[in-house]
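Q: Before I ask anything, here is the structure I am working with.
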Amino acid sequence: SRSLPTAPGGTATPPGCADLVVLRMAHARADMVRQVSGDSHASDAAGSQQKVALAPMANSLELSQLNHAVTAPGVGERLRIRIRDMRLPDGHGVDVREVRCKAYFGALSAVMEGPDGRPDKSRLKDLKLEMQGGAATVEIDVGVPFPQEPWAIRVKFYHRPPSSLFRKENVAELTDVVPRPMSRVECKPGGHVSLEVLRIVPRSAHRALQEAAGRVLGQAIELGVEAVDVEDLCLGARELGADTLHKPGAVAALERAAAAGKVEIVEKLVSSGVLVTAAAARAAE
């Protein structure tokens with residue numbers, strides 16, 4: 001039998017948790033629209049674990065769209081974070097060379113729904129990034145991703161005044177879903193940076209990820225997530241190759257959606273490249 005992924009504290013993912021995972025996906029987009037500082041297209045890790053990523057590895061997949069609801073059982077991953085092109089809020093008076101950075105990342109729900117709207121740090125990994133002139137590149141081992149649901153990152157930029165090195169003054173912060181391709185993100189209360197967060201997954205997990213993508217797509221449709229969330233899942237699946245949406249799981253998802261009369265979802269699946277079978281065509285009649 002296949003072992004269940006475990007949390008950092010050793011708690012196994014309970015059977016049937018996939019339903020909860022997909023339900024969280026259904027609310028992820030709405031949560032981010034209400035609370036995230038800016039959209040990328042609109043504009044327990046110790047320091048010893050982080051390292052500069054020098055070059056892509058031929059035996060790894062670099063994923064910028066496929067969210068953490070889709071994972072390969074038992075396969076450890078890394079997360080690569082890149083920040084560059086920092087512009088601080090106008091009138092702040094802080095030199096970009098003095099800015100420091102700390103990131104919290106993990107389940108979107110923990111990033112967005114902690115006390116007073118702040119991250120629930122007890123459920124997140126944290127990482128200090130070594131900034132140099134407003135830029136940083138680090139790679140962190142996250143092990144087998146847990147929980148299996150969409151993730152997000154919250155990045156805080158701060159500095160320590162020369163007059164009081166034990167005091168931190170926040171300069172700006174941002175929140176966004178991950179992974180994400182390199183693009184500009186607006187910060188609060190102002191300014192912006194370019195941010196990239198990639199999942200680095202062993203290439204040997206490629207087939208398992210393709211199969212998982214189809215399963216999650218089917219679960220999403222059965223649980224009634226919105227068409228836009230189905231489209232996002234398809235976008236991530238296509239990172240694994242166009243043939244991912246020709247696999248049995250994705251094909252079965254289209255057939256279910258057609259049989260249920262979910263016209264908008266069927267249109268999203270077909271336009272994304274899911275293979276249309278005779279069974280799907282009959283179900284849509």
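Residues are named by chain letter and number: chains run A, B, ... in the order of the structure tokens, numbers start at 1 in each chain, and ligands are numbered from 1 in the order shown.
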Can you tell me, as a ChimeraX atom specification, what residues are no more than 7 Å from Arg82 in chain A when counting only C-alpha atoms, ignoring any on the same chain fewer than 5 positions away?

A: /A:136-138,195-197

Q: With N, CA, C and O atoms retained, write the just-selected residues as a PDB file, in the first residue's frame.

A:
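Dumped to selection36.pdb:
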ATOM      1  N   ALA A 136      17.294  39.094  -4.932  1.00  0.00           N
ATOM      2  CA  ALA A 136      17.676  37.891  -4.193  1.00  0.00           C
ATOM      3  C   ALA A 136      17.229  36.669  -4.984  1.00  0.00           C
ATOM      4  O   ALA A 136      16.218  36.709  -5.691  1.00  0.00           O
ATOM      5  N   THR A 137      18.003  35.595  -4.878  1.00  0.00           N
ATOM      6  CA  THR A 137      17.637  34.307  -5.469  1.00  0.00           C
ATOM      7  C   THR A 137      17.998  33.217  -4.479  1.00  0.00           C
ATOM      8  O   THR A 137      19.163  33.099  -4.082  1.00  0.00           O
ATOM      9  N   VAL A 138      17.011  32.444  -4.064  1.00  0.00           N
ATOM     10  CA  VAL A 138      17.260  31.361  -3.114  1.00  0.00           C
ATOM     11  C   VAL A 138      16.463  30.133  -3.521  1.00  0.00           C
ATOM     12  O   VAL A 138      15.468  30.229  -4.241  1.00  0.00           O
ATOM     13  N   LEU A 195       8.697  39.225  -9.147  1.00  0.00           N
ATOM     14  CA  LEU A 195       8.765  38.026  -8.318  1.00  0.00           C
ATOM     15  C   LEU A 195       8.537  36.776  -9.159  1.00  0.00           C
ATOM     16  O   LEU A 195       7.650  36.748 -10.009  1.00  0.00           O
ATOM     17  N   GLU A 196       9.348  35.761  -8.895  1.00  0.00           N
ATOM     18  CA  GLU A 196       9.169  34.443  -9.504  1.00  0.00           C
ATOM     19  C   GLU A 196       9.287  33.395  -8.408  1.00  0.00           C
ATOM     20  O   GLU A 196      10.194  33.452  -7.583  1.00  0.00           O
ATOM     21  N   VAL A 197       8.360  32.441  -8.398  1.00  0.00           N
ATOM     22  CA  VAL A 197       8.432  31.318  -7.466  1.00  0.00           C
ATOM     23  C   VAL A 197       8.165  30.052  -8.267  1.00  0.00           C
ATOM     24  O   VAL A 197       7.080  29.899  -8.845  1.00  0.00           O
TER      25      VAL A 197
END

Q: What's around range 212-228 of chain A at 6 Å? Count only C-alpha atoms, leave out sequence neighbours fewer than 3 positions away in its own chain, and write the answer as a list of chain:residue names.

A: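 Within the cut-off, the hits are A:Val22, A:Ala26, A:Val70, A:Leu209, A:Glu231, A:Ala237, A:Gly249, A:Ala250, A:Ala253, A:Ile265.
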
Q: Generate the output file for the selected residues, N, CA, C and O atoms, as a PDB file, in the first residue's frame.

A:
ATOM      1  N   VAL A  22      -9.923  20.204  -2.842  1.00  0.00           N
ATOM      2  CA  VAL A  22     -10.549  20.832  -3.994  1.00  0.00           C
ATOM      3  C   VAL A  22     -11.532  21.906  -3.581  1.00  0.00           C
ATOM      4  O   VAL A  22     -11.664  22.935  -4.239  1.00  0.00           O
ATOM      5  N   ALA A  26     -11.667  25.994  -4.721  1.00  0.00           N
ATOM      6  CA  ALA A  26     -12.807  26.749  -5.228  1.00  0.00           C
ATOM      7  C   ALA A  26     -12.856  28.152  -4.649  1.00  0.00           C
ATOM      8  O   ALA A  26     -13.367  29.068  -5.274  1.00  0.00           O
ATOM      9  N   VAL A  70      -1.773  19.496  -6.917  1.00  0.00           N
ATOM     10  CA  VAL A  70      -1.304  18.390  -7.757  1.00  0.00           C
ATOM     11  C   VAL A  70       0.120  18.045  -7.353  1.00  0.00           C
ATOM     12  O   VAL A  70       1.039  18.838  -7.559  1.00  0.00           O
ATOM     13  N   LEU A 209       2.790  13.098 -11.838  1.00  0.00           N
ATOM     14  CA  LEU A 209       2.150  14.407 -11.821  1.00  0.00           C
ATOM     15  C   LEU A 209       1.049  14.494 -12.884  1.00  0.00           C
ATOM     16  O   LEU A 209      -0.017  15.076 -12.644  1.00  0.00           O
ATOM     17  N   GLU A 231     -10.071  26.156 -15.369  1.00  0.00           N
ATOM     18  CA  GLU A 231      -9.150  26.682 -16.378  1.00  0.00           C
ATOM     19  C   GLU A 231      -7.738  26.810 -15.817  1.00  0.00           C
ATOM     20  O   GLU A 231      -6.747  26.481 -16.495  1.00  0.00           O
ATOM     21  N   ALA A 237      -1.694  21.950 -15.723  1.00  0.00           N
ATOM     22  CA  ALA A 237      -1.498  20.617 -16.307  1.00  0.00           C
ATOM     23  C   ALA A 237      -0.731  20.692 -17.609  1.00  0.00           C
ATOM     24  O   ALA A 237       0.099  19.820 -17.916  1.00  0.00           O
ATOM     25  N   GLY A 249      -7.652  10.534 -16.921  1.00  0.00           N
ATOM     26  CA  GLY A 249      -8.267  11.346 -15.876  1.00  0.00           C
ATOM     27  C   GLY A 249      -8.898  12.610 -16.417  1.00  0.00           C
ATOM     28  O   GLY A 249     -10.025  12.980 -16.044  1.00  0.00           O
ATOM     29  N   ALA A 250      -8.172  13.316 -17.310  1.00  0.00           N
ATOM     30  CA  ALA A 250      -8.705  14.552 -17.886  1.00  0.00           C
ATOM     31  C   ALA A 250      -9.877  14.261 -18.817  1.00  0.00           C
ATOM     32  O   ALA A 250     -10.876  14.996 -18.833  1.00  0.00           O
ATOM     33  N   ALA A 253     -12.902  13.599 -16.828  1.00  0.00           N
ATOM     34  CA  ALA A 253     -13.425  14.838 -16.252  1.00  0.00           C
ATOM     35  C   ALA A 253     -14.312  15.568 -17.262  1.00  0.00           C
ATOM     36  O   ALA A 253     -15.382  16.084 -16.910  1.00  0.00           O
ATOM     37  N   ILE A 265     -17.909  24.952 -18.065  1.00  0.00           N
ATOM     38  CA  ILE A 265     -16.738  24.144 -17.734  1.00  0.00           C
ATOM     39  C   ILE A 265     -16.319  23.303 -18.929  1.00  0.00           C
ATOM     40  O   ILE A 265     -15.120  23.156 -19.211  1.00  0.00           O
TER      41      ILE A 265
END

Q: Can you work out which one of A:Ala278, A:Val177, A:Leu198, A:Ala72 has the shortest atom-to-atom distance to Gln148 in chain A, counting only C-alpha atoms?

A: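 Distance minimum relative to Gln148 in chain A lands on A:Ala72.
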
Q: Using only C-alpha atoms, which of A:His192, A:Ala110, A:Glu62, A:Gly76 sits nearest Asp90 in chain A?

A: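 Of the candidates, the smallest distance to Asp90 in chain A is held by A:His192.
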
Q: Which of these residues is nearest to Gly74 in chain A, using only C-alpha atoms: A:Gly143, A:Gly91, A:Pro119, A:Gly106?

A: A:Gly143

Q: Pick out each residue of range 45-264 of chain A that DSSP on the backbone tags as strand (DSSP E or B); I need them as a ChimeraX atom specification.

A: /A:51,60-63,77-87,100-107,125-129,136-143,151-159,169-178,180-186,188,192-202

Q: Between A:Pro161, A:Gly236, A:Pro202, A:Gly190, single out the one closest to Val178 in chain A, counting only C-alpha atoms.

A: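 Selected residue with least distance to Val178 in chain A: A:Gly236.
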
Q: One number please: CA of Ala208 in chain A to CA of Ser109 in chain A, in Å, one decimal.

A: 25.6 Å

Q: Would you list, as a ChimeraX atom specification, the residues of range 90-180 of chain A that end up in helix (DSSP H, G or I) under DSSP run on this structure's backbone?

A: /A:96-98,108-112,115-117,121-123

Q: Keeping only all heavy atoms, write the selected residues to a file as a short mmCIF file (atom, residue, chain, number, x, y, z; two decimals), in the first residue's frame.

A:
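The resulting file, part26.cif, is shown below:
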data_model
loop_
_atom_site.label_atom_id
_atom_site.label_comp_id
_atom_site.auth_asym_id
_atom_site.auth_seq_id
_atom_site.Cartn_x
_atom_site.Cartn_y
_atom_site.Cartn_z
N VAL A 96 17.39 51.23 -1.09
CA VAL A 96 17.08 49.84 -1.42
C VAL A 96 18.18 48.90 -0.95
O VAL A 96 17.94 47.72 -0.67
CB VAL A 96 16.84 49.70 -2.94
CG1 VAL A 96 18.15 49.88 -3.72
CG2 VAL A 96 16.21 48.36 -3.27
N ARG A 97 19.41 49.41 -0.83
CA ARG A 97 20.52 48.56 -0.37
C ARG A 97 20.42 48.22 1.11
O ARG A 97 21.12 47.33 1.58
CB ARG A 97 21.85 49.26 -0.67
CG ARG A 97 22.17 49.39 -2.16
CD ARG A 97 23.36 50.28 -2.41
NE ARG A 97 23.09 51.65 -1.96
CZ ARG A 97 23.97 52.65 -2.10
NH1 ARG A 97 25.15 52.41 -2.64
NH2 ARG A 97 23.66 53.86 -1.69
N GLU A 98 19.57 48.93 1.83
CA GLU A 98 19.39 48.67 3.27
C GLU A 98 18.21 47.74 3.56
O GLU A 98 17.97 47.39 4.72
CB GLU A 98 19.18 49.99 4.00
CG GLU A 98 20.33 50.99 3.86
CD GLU A 98 20.00 52.32 4.50
OE1 GLU A 98 18.87 52.47 5.00
OE2 GLU A 98 20.86 53.22 4.48
N LEU A 108 -2.35 28.32 1.19
CA LEU A 108 -2.97 29.62 1.01
C LEU A 108 -3.83 29.99 2.20
O LEU A 108 -3.85 31.14 2.63
CB LEU A 108 -3.79 29.62 -0.29
CG LEU A 108 -4.44 30.93 -0.71
CD1 LEU A 108 -4.52 31.00 -2.22
CD2 LEU A 108 -5.84 31.07 -0.13
N SER A 109 -4.56 29.01 2.74
CA SER A 109 -5.43 29.30 3.88
C SER A 109 -4.64 29.80 5.08
O SER A 109 -5.10 30.68 5.81
CB SER A 109 -6.22 28.04 4.26
OG SER A 109 -5.36 26.95 4.55
N ALA A 110 -3.44 29.28 5.29
CA ALA A 110 -2.62 29.71 6.43
C ALA A 110 -2.04 31.10 6.19
O ALA A 110 -1.87 31.89 7.12
CB ALA A 110 -1.49 28.71 6.69
N VAL A 111 -1.73 31.40 4.93
CA VAL A 111 -1.19 32.73 4.59
C VAL A 111 -2.26 33.80 4.75
O VAL A 111 -1.99 34.91 5.21
CB VAL A 111 -0.62 32.74 3.16
CG1 VAL A 111 -0.23 34.16 2.74
CG2 VAL A 111 0.60 31.82 3.06
N MET A 112 -3.50 33.46 4.39
CA MET A 112 -4.55 34.47 4.33
C MET A 112 -5.45 34.53 5.56
O MET A 112 -6.10 35.53 5.79
CB MET A 112 -5.44 34.20 3.10
CG MET A 112 -4.69 34.11 1.79
SD MET A 112 -3.76 35.61 1.41
CE MET A 112 -5.07 36.79 1.30
N PRO A 115 -4.40 35.00 12.47
CA PRO A 115 -4.95 36.02 13.38
C PRO A 115 -4.88 37.42 12.79
O PRO A 115 -3.85 37.83 12.26
CB PRO A 115 -4.04 35.88 14.62
CG PRO A 115 -3.48 34.50 14.52
CD PRO A 115 -3.32 34.21 13.06
N ASP A 116 -5.98 38.13 12.84
CA ASP A 116 -6.05 39.52 12.38
C ASP A 116 -5.65 39.66 10.92
O ASP A 116 -5.11 40.69 10.50
CB ASP A 116 -5.16 40.43 13.25
CG ASP A 116 -5.56 40.40 14.70
OD1 ASP A 116 -6.79 40.38 14.97
OD2 ASP A 116 -4.67 40.38 15.58
N GLY A 117 -5.90 38.63 10.14
CA GLY A 117 -5.58 38.70 8.73
C GLY A 117 -4.11 38.53 8.40
O GLY A 117 -3.71 38.69 7.24
N LYS A 121 1.66 31.72 11.36
CA LYS A 121 3.04 31.30 11.24
C LYS A 121 3.27 29.88 11.74
O LYS A 121 4.22 29.21 11.33
CB LYS A 121 3.95 32.27 12.00
CG LYS A 121 3.92 33.69 11.43
CD LYS A 121 4.81 34.63 12.22
CE LYS A 121 4.72 36.05 11.67
NZ LYS A 121 5.54 37.00 12.46
N SER A 122 2.40 29.39 12.61
CA SER A 122 2.56 28.03 13.12
C SER A 122 2.34 26.99 12.03
O SER A 122 2.75 25.83 12.17
CB SER A 122 1.59 27.78 14.28
OG SER A 122 0.23 27.80 13.82
N ARG A 123 1.69 27.38 10.93
CA ARG A 123 1.39 26.45 9.84
C ARG A 123 2.24 26.71 8.60
O ARG A 123 2.02 26.09 7.55
CB ARG A 123 -0.09 26.55 9.47
CG ARG A 123 -1.05 26.16 10.58
CD ARG A 123 -2.47 26.58 10.26
NE ARG A 123 -2.92 26.06 8.98
CZ ARG A 123 -3.95 26.56 8.30
NH1 ARG A 123 -4.62 27.60 8.77
NH2 ARG A 123 -4.30 26.04 7.12
#

Q: Using only C-alpha atoms, which residue out of A:Ser194, A:Asn170, A:Glu239, A:Ala281 lies closest to Met182 in chain A?

A: A:Ser194

Q: Tell me which of A:Ile200, A:Val171, A:Leu66, A:Val274 sits closest to Gly93 in chain A, counting only C-alpha atoms.

A: A:Val171

Q: Tell me, in Å to one decimal, how far CA of Leu63 in chain A is from CA of Phe146 in chain A.

A: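 Separating CA of Leu63 in chain A from CA of Phe146 in chain A is a distance of 16.9 Å.
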
Q: How far is it from CA of Gly133 in chain A to CA of Arg78 in chain A, in Å with one decimal?

A: 24.9 Å
